[in-house]
>>> print(open('start-v9.txt').read())   # compact mmCIF, C-alpha atoms
# COMPACT_ATOMS: atom_id res chain seq x y z
CA MET A 1 11.26 30.29 -105.44
CA GLU A 2 10.05 32.16 -102.36
CA LYS A 3 6.49 30.93 -102.92
CA LEU A 4 7.69 27.32 -103.11
CA LYS A 5 9.65 27.72 -99.90
CA ARG A 6 6.62 29.24 -98.15
CA ARG A 7 4.31 26.47 -99.39
CA THR A 8 6.76 23.81 -98.18
CA GLN A 9 6.82 25.42 -94.73
CA ILE A 10 3.01 25.52 -94.59
CA ILE A 11 2.70 21.89 -95.67
CA ALA A 12 5.32 20.84 -93.10
CA ALA A 13 3.56 22.84 -90.39
CA VAL A 14 0.32 20.99 -91.13
CA LEU A 15 1.63 17.47 -91.80
CA ILE A 16 4.30 17.12 -89.08
CA PRO A 17 1.90 17.58 -86.13
CA LEU A 18 -0.57 15.18 -87.77
CA PHE A 19 2.17 12.59 -88.25
CA VAL A 20 3.48 12.96 -84.69
CA SER A 21 0.00 12.89 -83.14
CA ALA A 22 -0.76 9.63 -84.96
CA CYS A 23 2.29 8.07 -83.28
CA PHE A 24 1.46 9.29 -79.78
CA ASN A 25 -1.46 7.89 -77.81
CA LEU A 26 -2.78 9.46 -74.60
CA GLN A 27 -5.94 8.28 -72.90
CA ILE A 28 -7.35 9.55 -69.61
CA ILE A 29 -10.19 7.58 -68.07
CA LYS A 30 -11.96 9.39 -65.25
CA ASN A 31 -13.67 8.01 -62.16
CA VAL A 32 -12.02 4.57 -62.22
CA LYS A 33 -12.79 2.89 -58.90
CA LYS A 34 -11.08 -0.43 -59.63
CA PRO A 35 -8.05 -0.11 -61.91
CA ASP A 36 -7.08 -3.76 -61.41
CA ARG A 37 -8.34 -4.93 -64.81
CA TYR A 38 -6.16 -2.37 -66.62
CA PHE A 39 -3.08 -3.36 -64.64
CA LYS A 40 -3.77 -7.09 -65.05
CA LYS A 41 -3.89 -6.60 -68.81
CA ALA A 42 -0.60 -4.65 -68.69
CA TYR A 43 1.04 -7.31 -66.50
CA ARG A 44 -0.05 -10.03 -68.94
CA GLU A 45 1.51 -8.06 -71.79
CA ILE A 46 4.74 -7.55 -69.84
CA GLU A 47 4.87 -11.22 -68.84
CA GLY A 48 4.47 -12.18 -72.50
CA ILE A 49 7.36 -9.92 -73.44
CA HIS A 50 9.59 -11.49 -70.76
CA ARG A 51 8.48 -15.04 -71.63
CA ASN A 52 9.29 -14.54 -75.32
CA ASN A 53 12.48 -12.59 -74.67
CA PRO A 54 13.90 -13.48 -71.22
CA ASP A 55 17.30 -11.93 -71.99
CA ARG A 56 15.73 -8.64 -73.10
CA GLU A 57 17.55 -8.76 -76.40
CA GLY A 58 16.77 -6.41 -79.22
CA ARG A 59 15.71 -2.82 -79.26
CA PRO A 60 12.29 -1.73 -78.10
CA HIS A 61 10.34 0.64 -80.28
CA LYS A 62 7.67 1.98 -77.92
CA ILE A 63 7.30 3.08 -74.35
CA HIS A 64 4.07 2.34 -72.49
CA VAL A 65 3.03 4.16 -69.32
CA LEU A 66 0.06 3.27 -67.14
CA ILE A 67 -0.72 5.48 -64.15
CA TYR A 68 -3.55 5.33 -61.66
CA GLU A 69 -4.05 8.38 -59.45
CA GLY A 70 -6.07 7.04 -56.56
CA SER A 71 -6.93 10.45 -55.12
CA ASP A 72 -8.53 11.61 -58.38
CA ARG A 73 -9.51 8.14 -59.64
CA ASN A 74 -7.93 8.93 -62.99
CA LEU A 75 -6.28 6.26 -65.10
CA ILE A 76 -3.74 7.57 -67.59
CA GLN A 77 -2.41 5.49 -70.46
CA VAL A 78 0.39 6.73 -72.70
CA THR A 79 2.08 5.01 -75.62
CA ALA A 80 4.79 6.70 -77.65
CA PRO A 81 7.51 5.59 -80.05
CA LEU A 82 11.01 5.88 -78.60
CA TRP A 83 12.15 8.07 -81.48
CA LEU A 84 9.57 10.64 -80.38
CA VAL A 85 10.73 10.41 -76.75
CA LYS A 86 14.34 10.88 -77.90
CA GLY A 87 13.35 13.87 -80.03
CA CYS A 88 11.61 15.46 -77.06
CA MET A 89 14.65 14.75 -74.88
CA ASP A 90 16.95 16.40 -77.44
CA PHE A 91 14.63 19.40 -77.68
CA GLY A 92 14.50 19.66 -73.88
CA ALA A 93 18.29 19.49 -73.70
CA GLU A 94 18.60 22.40 -76.12
CA ILE A 95 16.17 24.49 -74.08
CA ALA A 96 17.89 23.54 -70.82
CA GLU A 97 21.24 24.72 -72.20
CA ASP A 98 19.74 28.12 -72.99
CA ASP A 99 17.97 28.48 -69.62
CA ASN A 100 20.49 29.21 -66.89
CA GLU A 101 17.84 29.82 -64.24
CA PHE A 102 16.34 26.30 -64.26
CA ASP A 103 18.55 23.43 -63.09
CA PHE A 104 16.57 20.21 -63.40
CA GLU A 105 19.09 18.03 -61.59
CA ASP A 106 19.23 20.29 -58.52
CA ARG A 107 15.50 20.81 -58.38
CA PHE A 108 14.44 17.16 -58.77
CA ASP A 109 17.63 15.26 -57.80
CA PHE A 110 17.44 13.28 -61.05
CA ASP A 111 19.71 13.25 -64.09
CA TRP A 112 17.22 13.10 -66.96
CA ARG A 113 20.02 12.67 -69.53
CA GLY A 114 20.23 9.03 -68.42
CA LEU A 115 16.96 8.48 -70.25
CA GLU A 116 18.64 9.07 -73.60
CA ASN A 117 19.80 5.44 -73.69
CA LEU A 118 16.39 4.05 -72.88
CA GLY A 119 16.30 1.94 -76.03
CA GLN A 120 19.38 -0.02 -74.94
CA VAL A 121 17.59 -1.55 -71.94
CA GLY A 122 15.63 -3.99 -74.07
CA PRO A 123 11.93 -4.79 -74.11
CA GLY A 124 10.16 -5.44 -70.81
CA LEU A 125 9.31 -3.87 -67.48
CA LEU A 126 11.15 -0.65 -66.74
CA VAL A 127 9.46 0.84 -63.65
CA GLU A 128 6.84 -0.36 -61.20
CA VAL A 129 5.59 1.87 -58.38
CA ASN A 130 2.83 1.01 -55.95
CA ASP A 131 2.25 3.77 -53.40
CA LEU A 132 -0.35 2.45 -50.97
CA GLU A 133 -0.52 5.69 -49.01
CA GLU A 134 -1.32 7.83 -52.05
CA LYS A 135 -3.24 5.00 -53.75
CA THR A 136 -1.13 5.57 -56.83
CA LYS A 137 0.22 2.92 -59.13
CA ILE A 138 2.62 3.33 -62.06
CA LEU A 139 3.86 0.86 -64.67
CA ILE A 140 6.33 1.74 -67.39
CA TRP A 141 7.48 -0.84 -69.92
CA LEU A 142 9.19 -1.00 -73.28
CA LYS A 143 7.96 -3.03 -76.19
>>> encode(input="start-v9.txt", output="structure tokens")
Amino acid sequence: MEKLKRRTQIIAAVLIPLFVSACFNLQIIKNVKKPDRYFKKAYREIEGIHRNNPDREGRPHKIHVLIYEGSDRNLIQVTAPLWLVKGCMDFGAEIAEDDNEFDFEDRFDFDWRGLENLGQVGPGLLVEVNDLEEKTKILIWLK
């Protein structure tokens, strides 16, 4: 019985990270001088979502993040299923409860627990930031 339990733990330790990594996509493109084509493609996708679903009905399944860091010329693309984001949020909440020294809300003036209901917003644009001074651009949308 103990051997079976140990084998199950080993299989889970190998398969769970493989499963999760297949659901999460991170791409960093270095030395991007003109990120416009990436953002135009993202805007077209977002416009299509809003055209097909103007009332933002239904539940999104994925979060998409597109970031351009002008100072480093790095373009960062992230796609993750919302269940994975929620799992990470739950895990972070457990750690935060155990860590009395770190108070996220006081340090960053942001209540991250509000992100738990992200899936209720509906598909479409969530955040758009265009910082001309820092030459940084951020798009976050749900699909």
>>> residues_around(input="start-v9.txt", residues="stretch 75-80 of chain A", least_positions_apart="2", cutoff="8 Å", atoms="all atoms listed in the file", output="PyMOL selection string")
chain A and resi 23-30+32+35+62-69+73+82+84-85
>>> write_last_selection(input="start-v9.txt", atoms="C-alpha atoms", output="tab-separated table (two decimals), keeping the file's coordinate frame")
chain	number	residue	atom	x	y	z
A	23	CYS	CA	2.29	8.07	-83.28
A	24	PHE	CA	1.46	9.29	-79.78
A	25	ASN	CA	-1.46	7.89	-77.81
A	26	LEU	CA	-2.78	9.46	-74.60
A	27	GLN	CA	-5.94	8.28	-72.90
A	28	ILE	CA	-7.35	9.55	-69.61
A	29	ILE	CA	-10.19	7.58	-68.07
A	30	LYS	CA	-11.96	9.39	-65.25
A	32	VAL	CA	-12.02	4.57	-62.22
A	35	PRO	CA	-8.05	-0.11	-61.91
A	62	LYS	CA	7.67	1.98	-77.92
A	63	ILE	CA	7.30	3.08	-74.35
A	64	HIS	CA	4.07	2.34	-72.49
A	65	VAL	CA	3.03	4.16	-69.32
A	66	LEU	CA	0.06	3.27	-67.14
A	67	ILE	CA	-0.72	5.48	-64.15
A	68	TYR	CA	-3.55	5.33	-61.66
A	69	GLU	CA	-4.05	8.38	-59.45
A	73	ARG	CA	-9.51	8.14	-59.64
A	82	LEU	CA	11.01	5.88	-78.60
A	84	LEU	CA	9.57	10.64	-80.38
A	85	VAL	CA	10.73	10.41	-76.75
>>> closest_residue(input="start-v9.txt", among="A:Asp55, A:Glu45, A:Leu142, A:Asp90", to="A:Gly124", atoms="all atoms listed in the file")
A:Leu142
>>> atom_distance(input="start-v9.txt", atom1="atom CA of A:Asn52", atom2="atom CA of A:Val121")
15.8 Å
>>> atom_distance(input="start-v9.txt", atom1="atom CA of A:Trp83", atom2="atom CA of A:Gly119")
9.2 Å
>>> closest_residue(input="start-v9.txt", among="A:His61, A:Gly70, A:Lys41, A:Leu126", to="A:Trp141", atoms="only C-alpha atoms")
A:Leu126
>>> closest_residue(input="start-v9.txt", among="A:Asn31, A:Tyr43, A:Ser71, A:Ile49", to="A:Leu132", atoms="only C-alpha atoms")
A:Ser71
>>> atom_distance(input="start-v9.txt", atom1="atom CA of A:Arg59", atom2="atom CA of A:Pro123")
6.7 Å
>>> closest_residue(input="start-v9.txt", among="A:Pro60, A:Asp72, A:Lys34, A:Ile46", to="A:Glu128", atoms="only C-alpha atoms")
A:Ile46
>>> closest_residue(input="start-v9.txt", among="A:Glu133, A:Arg44, A:Gln120, A:Met89", to="A:Glu57", atoms="only C-alpha atoms")
A:Gln120
>>> closest_residue(input="start-v9.txt", among="A:Asp131, A:Lys86, A:Asn74, A:Glu47", to="A:Lys143", atoms="all atoms listed in the file")
A:Glu47
>>> axis_aligned_box(input="start-v9.txt", around="stretch 46-55 of chain A", padding_each_side="6 Å", output="lines of an AutoDock Vina configuration file")
center_x = 10.9
center_y = -11.3
center_z = -72.1
size_x = 24.8
size_y = 19.5
size_z = 18.5
